[in-house]
$ cat my_file-v9.txt   # compact mmCIF, C-alpha atoms
# COMPACT_ATOMS: atom_id res chain seq x y z
CA MET C 1 4.30 -18.32 -0.68
CA PHE C 2 3.73 -15.69 -3.41
CA SER C 3 2.72 -16.19 -7.03
CA PRO C 4 5.39 -16.05 -9.75
CA GLU C 5 3.86 -12.77 -10.97
CA ILE C 6 4.28 -11.16 -7.56
CA ILE C 7 7.84 -12.45 -7.18
CA THR C 8 8.76 -11.12 -10.63
CA LEU C 9 7.22 -7.71 -9.90
CA ALA C 10 8.87 -7.52 -6.48
CA ALA C 11 12.27 -8.34 -7.99
CA GLU C 12 11.77 -5.68 -10.68
CA VAL C 13 10.79 -3.06 -8.10
CA LEU C 14 13.80 -3.87 -5.93
CA GLU C 15 16.19 -3.74 -8.87
CA MET C 16 14.79 -0.40 -10.06
CA ALA C 17 14.98 1.06 -6.56
CA ARG C 18 18.50 -0.29 -6.07
CA ASN C 19 19.65 1.22 -9.37
CA LYS C 20 18.24 4.63 -8.45
CA GLY C 21 19.33 4.58 -4.80
CA CYS C 22 15.74 4.56 -3.52
CA HIS C 23 14.32 3.12 -0.32
CA LEU C 24 10.76 1.89 0.08
CA ALA C 25 8.07 1.83 2.75
CA ALA C 26 4.47 0.67 2.81
CA ALA C 27 1.42 1.47 4.92
CA GLU C 28 -0.94 -1.47 4.65
CA SER C 29 -4.45 -2.02 5.85
CA CYS C 30 -6.36 -4.61 3.78
CA THR C 31 -3.17 -6.45 2.77
CA GLY C 32 -1.92 -6.82 6.33
CA GLY C 33 1.78 -6.68 5.41
CA LEU C 34 1.72 -8.69 2.19
CA ILE C 35 3.35 -5.93 0.11
CA MET C 36 6.38 -5.82 2.37
CA GLY C 37 6.24 -9.60 2.62
CA ALA C 38 6.53 -9.85 -1.16
CA LEU C 39 9.45 -7.43 -1.30
CA THR C 40 11.31 -9.11 1.56
CA GLU C 41 10.75 -12.52 -0.01
CA ILE C 42 13.62 -11.54 -2.32
CA ALA C 43 17.09 -12.07 -0.86
CA GLY C 44 19.05 -8.84 -0.57
CA SER C 45 15.95 -6.66 -0.23
CA SER C 46 17.32 -5.06 2.94
CA ASP C 47 19.35 -2.59 0.90
CA VAL C 48 16.10 -1.14 -0.51
CA VAL C 49 13.27 -1.90 1.95
CA ASP C 50 13.14 0.57 4.83
CA ARG C 51 9.99 -0.41 6.76
CA GLY C 52 6.36 -1.39 6.66
CA PHE C 53 3.38 -0.33 8.72
CA VAL C 54 0.36 -2.57 9.20
CA THR C 55 -2.32 -0.10 10.24
CA TYR C 56 -5.48 -2.16 10.12
CA THR C 57 -7.59 -0.07 12.50
CA ASN C 58 -8.54 3.58 12.24
CA ARG C 59 -6.75 4.16 15.54
CA ALA C 60 -3.53 2.70 14.12
CA LYS C 61 -3.82 4.88 11.02
CA MET C 62 -4.10 7.93 13.25
CA GLU C 63 -1.51 6.99 15.89
CA VAL C 64 1.17 5.41 13.71
CA LEU C 65 0.79 7.32 10.44
CA GLY C 66 -0.65 10.59 11.70
CA VAL C 67 -3.82 10.35 9.60
CA ASP C 68 -6.11 13.13 10.77
CA GLY C 69 -9.24 11.73 12.37
CA LYS C 70 -11.25 14.34 10.46
CA ILE C 71 -10.28 12.62 7.20
CA ILE C 72 -11.55 9.28 8.44
CA LYS C 73 -14.72 10.84 9.84
CA ALA C 74 -15.49 12.76 6.64
CA HIS C 75 -14.42 10.20 4.02
CA GLY C 76 -13.93 6.89 5.81
CA ALA C 77 -10.83 4.74 6.09
CA VAL C 78 -11.47 3.33 2.61
CA SER C 79 -11.08 6.53 0.61
CA ALA C 80 -8.68 8.37 -1.63
CA GLU C 81 -8.12 10.94 1.09
CA CYS C 82 -7.18 8.33 3.67
CA ALA C 83 -4.89 6.48 1.24
CA LYS C 84 -3.04 9.71 0.43
CA ALA C 85 -2.69 10.58 4.12
CA MET C 86 -1.44 7.06 4.89
CA ALA C 87 1.23 7.27 2.17
CA ALA C 88 2.33 10.72 3.34
CA GLY C 89 2.43 9.50 6.94
CA ALA C 90 4.50 6.45 6.05
CA LEU C 91 6.94 8.64 4.15
CA LYS C 92 7.23 11.02 7.10
CA ALA C 93 7.73 8.16 9.59
CA SER C 94 10.46 6.48 7.53
CA ALA C 95 13.67 7.07 5.65
CA ALA C 96 12.03 5.91 2.41
CA THR C 97 12.16 7.69 -0.91
CA PHE C 98 8.72 6.34 -1.80
CA ALA C 99 5.90 5.04 0.39
CA VAL C 100 2.86 3.22 -0.92
CA SER C 101 -0.40 2.77 1.00
CA VAL C 102 -3.41 0.51 0.55
CA THR C 103 -6.83 0.57 2.21
CA GLY C 104 -9.86 -1.33 1.04
CA VAL C 105 -12.64 -3.84 1.52
CA ALA C 106 -11.23 -7.34 0.94
CA GLY C 107 -14.42 -9.11 1.97
CA PRO C 108 -16.21 -11.34 2.09
CA GLY C 109 -18.31 -8.98 4.22
CA GLY C 110 -18.02 -5.32 5.07
CA GLY C 111 -19.01 -3.88 1.73
CA THR C 112 -21.69 -1.26 1.12
CA ILE C 113 -23.26 0.21 -2.01
CA GLU C 114 -20.83 3.15 -1.81
CA LYS C 115 -17.84 0.98 -0.87
CA PRO C 116 -18.34 -2.52 -2.25
CA VAL C 117 -16.25 -5.59 -1.54
CA GLY C 118 -13.21 -5.40 -3.80
CA LEU C 119 -12.82 -1.61 -3.60
CA VAL C 120 -9.23 -0.61 -2.83
CA HIS C 121 -7.73 2.85 -2.67
CA MET C 122 -3.96 3.13 -2.87
CA ALA C 123 -1.52 5.98 -3.03
CA ILE C 124 2.18 6.61 -3.36
CA ALA C 125 4.07 9.54 -1.88
CA GLY C 126 7.58 10.55 -2.86
CA ARG C 127 10.23 12.77 -1.33
CA ASP C 128 9.86 15.00 -4.38
CA GLY C 129 6.41 16.00 -3.07
CA ARG C 130 4.28 14.03 -5.48
CA VAL C 131 1.35 12.01 -4.27
CA GLN C 132 -0.52 9.78 -6.71
CA HIS C 133 -3.79 7.96 -6.00
CA GLU C 134 -5.36 4.94 -7.69
CA LYS C 135 -8.81 3.46 -7.18
CA HIS C 136 -9.33 -0.22 -7.98
CA LEU C 137 -12.53 -2.24 -8.14
CA PHE C 138 -11.41 -5.87 -7.99
CA GLY C 139 -14.94 -7.17 -7.42
CA GLU C 140 -16.21 -9.92 -5.15
CA THR C 141 -13.55 -12.38 -6.28
CA GLY C 142 -12.76 -13.65 -2.77
CA ARG C 143 -10.60 -12.25 -0.01
CA ASP C 144 -7.40 -13.94 -1.20
CA ARG C 145 -7.81 -12.69 -4.76
CA VAL C 146 -8.62 -9.13 -3.71
CA ARG C 147 -5.54 -9.04 -1.51
CA GLU C 148 -3.35 -10.62 -4.19
CA ALA C 149 -4.61 -8.16 -6.81
CA THR C 150 -3.91 -5.33 -4.38
CA VAL C 151 -0.31 -6.45 -3.85
CA ILE C 152 0.20 -6.66 -7.62
CA ALA C 153 -1.29 -3.19 -8.17
CA ALA C 154 0.82 -1.71 -5.35
CA LEU C 155 4.03 -3.19 -6.76
CA LYS C 156 3.11 -1.80 -10.18
CA LEU C 157 2.51 1.60 -8.55
CA PHE C 158 6.01 1.47 -7.06
CA ARG C 159 7.38 0.44 -10.46
CA LYS C 160 5.66 3.35 -12.25
CA ASN C 161 7.03 5.92 -9.82
CA ILE C 162 10.58 4.83 -9.10
$ encode --input "my_file-v9.txt" --output "structure tokens"
Amino acid sequence: MFSPEIITLAAEVLEMARNKGCHLAAAESCTGGLIMGALTEIAGSSDVVDRGFVTYTNRAKMEVLGVDGKIIKAHGAVSAECAKAMAAGALKASAATFAVSVTGVAGPGGGTIEKPVGLVHMAIAGRDGRVQHEKHLFGETGRDRVREATVIAALKLFRKNI
């Protein structure tokens, strides 16, 4: 189901989290649950994975993760501000040590000059109070490739912060 690269990264993230006693959560929009899918593809992941949130609509981001509607109105759902709020909301709504979030334009449509297809904002929030944001421009490589690249980048973001 997942590429060897994703499986390897997921296994590394789980092992690192396990060794440090961490638990993980994800708030996903453009990936629709693929990050948690990759982590739970690995047997024994239940000792590390806490929960995942698929918040595809703005309403879901607000209701499930507590993203302030003013953030979405001012910056849009595909923004650094929204990604940070999603990660913080997932952390608050879970027992995780770290929560990653992703929001972007996977395509093939939906892009604009300001927010082109392939743009993904992601963030990670930790119980220690840190919140880190990354902006990725994966380009118009196709919906599957944008989503796959997003999963890889999110797993690497977990790996960097655990």
$ atom_distance --input "my_file-v9.txt" --atom1 "CA of Ala125 in chain C" --atom2 "CA of Cys82 in chain C"
12.6 Å
$ residues_around --input "my_file-v9.txt" --residues "Leu34 in chain C" --least-positions-apart "5" --cutoff "10 Å" --atoms "only C-alpha atoms" --output "ChimeraX atom specification"
/C:2,26,28-29,39-40,52,54,147-148,150-151
$ closest_residue --input "my_file-v9.txt" --among "C:Met16, C:Val67, C:Leu9, C:Met62" --to "Glu41 in chain C" --atoms "all atoms listed in the file"
C:Leu9
$ residues_around --input "my_file-v9.txt" --residues "Lys61 in chain C" --least-positions-apart "4" --cutoff "9 Å" --atoms "only C-alpha atoms" --output "list in words"
Ala27, Ser29, Val54, Thr55, Tyr56, Thr57, Leu65, Gly66, Val67, Asp68, Gly69, Ala77, Cys82, Met86 and Gly89 of chain C
$ write_last_selection --input "my_file-v9.txt" --atoms "C-alpha atoms" --output "PDB file, keeping the file's coordinate frame"
ATOM      1  CA  ALA C  27       1.420   1.470   4.920  1.00  0.00           C
ATOM      2  CA  SER C  29      -4.450  -2.020   5.850  1.00  0.00           C
ATOM      3  CA  VAL C  54       0.360  -2.570   9.200  1.00  0.00           C
ATOM      4  CA  THR C  55      -2.320  -0.100  10.240  1.00  0.00           C
ATOM      5  CA  TYR C  56      -5.480  -2.160  10.120  1.00  0.00           C
ATOM      6  CA  THR C  57      -7.590  -0.070  12.500  1.00  0.00           C
ATOM      7  CA  LEU C  65       0.790   7.320  10.440  1.00  0.00           C
ATOM      8  CA  GLY C  66      -0.650  10.590  11.700  1.00  0.00           C
ATOM      9  CA  VAL C  67      -3.820  10.350   9.600  1.00  0.00           C
ATOM     10  CA  ASP C  68      -6.110  13.130  10.770  1.00  0.00           C
ATOM     11  CA  GLY C  69      -9.240  11.730  12.370  1.00  0.00           C
ATOM     12  CA  ALA C  77     -10.830   4.740   6.090  1.00  0.00           C
ATOM     13  CA  CYS C  82      -7.180   8.330   3.670  1.00  0.00           C
ATOM     14  CA  MET C  86      -1.440   7.060   4.890  1.00  0.00           C
ATOM     15  CA  GLY C  89       2.430   9.500   6.940  1.00  0.00           C
TER      16      GLY C  89
END
$ closest_residue --input "my_file-v9.txt" --among "C:Arg127, C:Arg59, C:Arg145, C:His136" --to "Leu24 in chain C" --atoms "all atoms listed in the file"
C:Arg127
$ residues_near_point --input "my_file-v9.txt" --point "(2.4, -8.2, -8.6)" --cutoff "10 Å" --atoms "all atoms listed in the file" --output "PyMOL selection string"
chain C and resi 2-13+35+38+148-157
$ closest_residue --input "my_file-v9.txt" --among "C:Val78, C:Ala83, C:Ala88, C:Ala96" --to "Asp47 in chain C" --atoms "all atoms listed in the file"
C:Ala96
$ build_atoms --input "my_file-v9.txt" --residues "range 131-151 of chain C" --atoms "N, CA and C atoms" --output "short mmCIF file (atom, residue, chain, number, x, y, z; two decimals), keeping the file's coordinate frame"
data_model
loop_
_atom_site.label_atom_id
_atom_site.label_comp_id
_atom_site.auth_asym_id
_atom_site.auth_seq_id
_atom_site.Cartn_x
_atom_site.Cartn_y
_atom_site.Cartn_z
N VAL C 131 2.22 13.00 -4.86
CA VAL C 131 1.35 12.01 -4.27
C VAL C 131 0.38 11.59 -5.38
N GLN C 132 0.33 10.30 -5.64
CA GLN C 132 -0.52 9.78 -6.71
C GLN C 132 -1.48 8.77 -6.10
N HIS C 133 -2.74 8.84 -6.51
CA HIS C 133 -3.79 7.96 -6.00
C HIS C 133 -4.31 7.07 -7.13
N GLU C 134 -4.68 5.85 -6.77
CA GLU C 134 -5.36 4.94 -7.69
C GLU C 134 -6.54 4.31 -6.97
N LYS C 135 -7.63 4.15 -7.69
CA LYS C 135 -8.81 3.46 -7.18
C LYS C 135 -8.98 2.18 -8.00
N HIS C 136 -9.15 1.06 -7.31
CA HIS C 136 -9.33 -0.22 -7.98
C HIS C 136 -10.63 -0.86 -7.51
N LEU C 137 -11.33 -1.46 -8.44
CA LEU C 137 -12.53 -2.24 -8.14
C LEU C 137 -12.25 -3.67 -8.59
N PHE C 138 -11.79 -4.50 -7.67
CA PHE C 138 -11.41 -5.87 -7.99
C PHE C 138 -12.61 -6.82 -7.98
N GLY C 139 -13.73 -6.37 -7.45
CA GLY C 139 -14.94 -7.17 -7.42
C GLY C 139 -14.94 -8.19 -6.29
N GLU C 140 -16.05 -8.90 -6.20
CA GLU C 140 -16.21 -9.92 -5.15
C GLU C 140 -15.59 -11.23 -5.65
N THR C 141 -14.28 -11.22 -5.75
CA THR C 141 -13.55 -12.38 -6.28
C THR C 141 -13.01 -13.27 -5.17
N GLY C 142 -13.28 -12.91 -3.93
CA GLY C 142 -12.76 -13.65 -2.77
C GLY C 142 -11.65 -12.86 -2.11
N ARG C 143 -11.58 -13.00 -0.81
CA ARG C 143 -10.60 -12.25 -0.01
C ARG C 143 -9.17 -12.43 -0.50
N ASP C 144 -8.78 -13.68 -0.74
CA ASP C 144 -7.40 -13.94 -1.20
C ASP C 144 -7.11 -13.24 -2.51
N ARG C 145 -8.04 -13.31 -3.44
CA ARG C 145 -7.81 -12.69 -4.76
C ARG C 145 -7.77 -11.18 -4.69
N VAL C 146 -8.64 -10.59 -3.87
CA VAL C 146 -8.62 -9.13 -3.71
C VAL C 146 -7.27 -8.70 -3.13
N ARG C 147 -6.82 -9.39 -2.12
CA ARG C 147 -5.54 -9.04 -1.51
C ARG C 147 -4.37 -9.26 -2.47
N GLU C 148 -4.40 -10.37 -3.21
CA GLU C 148 -3.35 -10.62 -4.19
C GLU C 148 -3.35 -9.55 -5.28
N ALA C 149 -4.52 -9.20 -5.78
CA ALA C 149 -4.61 -8.16 -6.81
C ALA C 149 -4.12 -6.81 -6.27
N THR C 150 -4.37 -6.56 -5.00
CA THR C 150 -3.91 -5.33 -4.38
C THR C 150 -2.39 -5.29 -4.29
N VAL C 151 -1.78 -6.39 -3.91
CA VAL C 151 -0.31 -6.45 -3.85
C VAL C 151 0.27 -6.20 -5.24
#
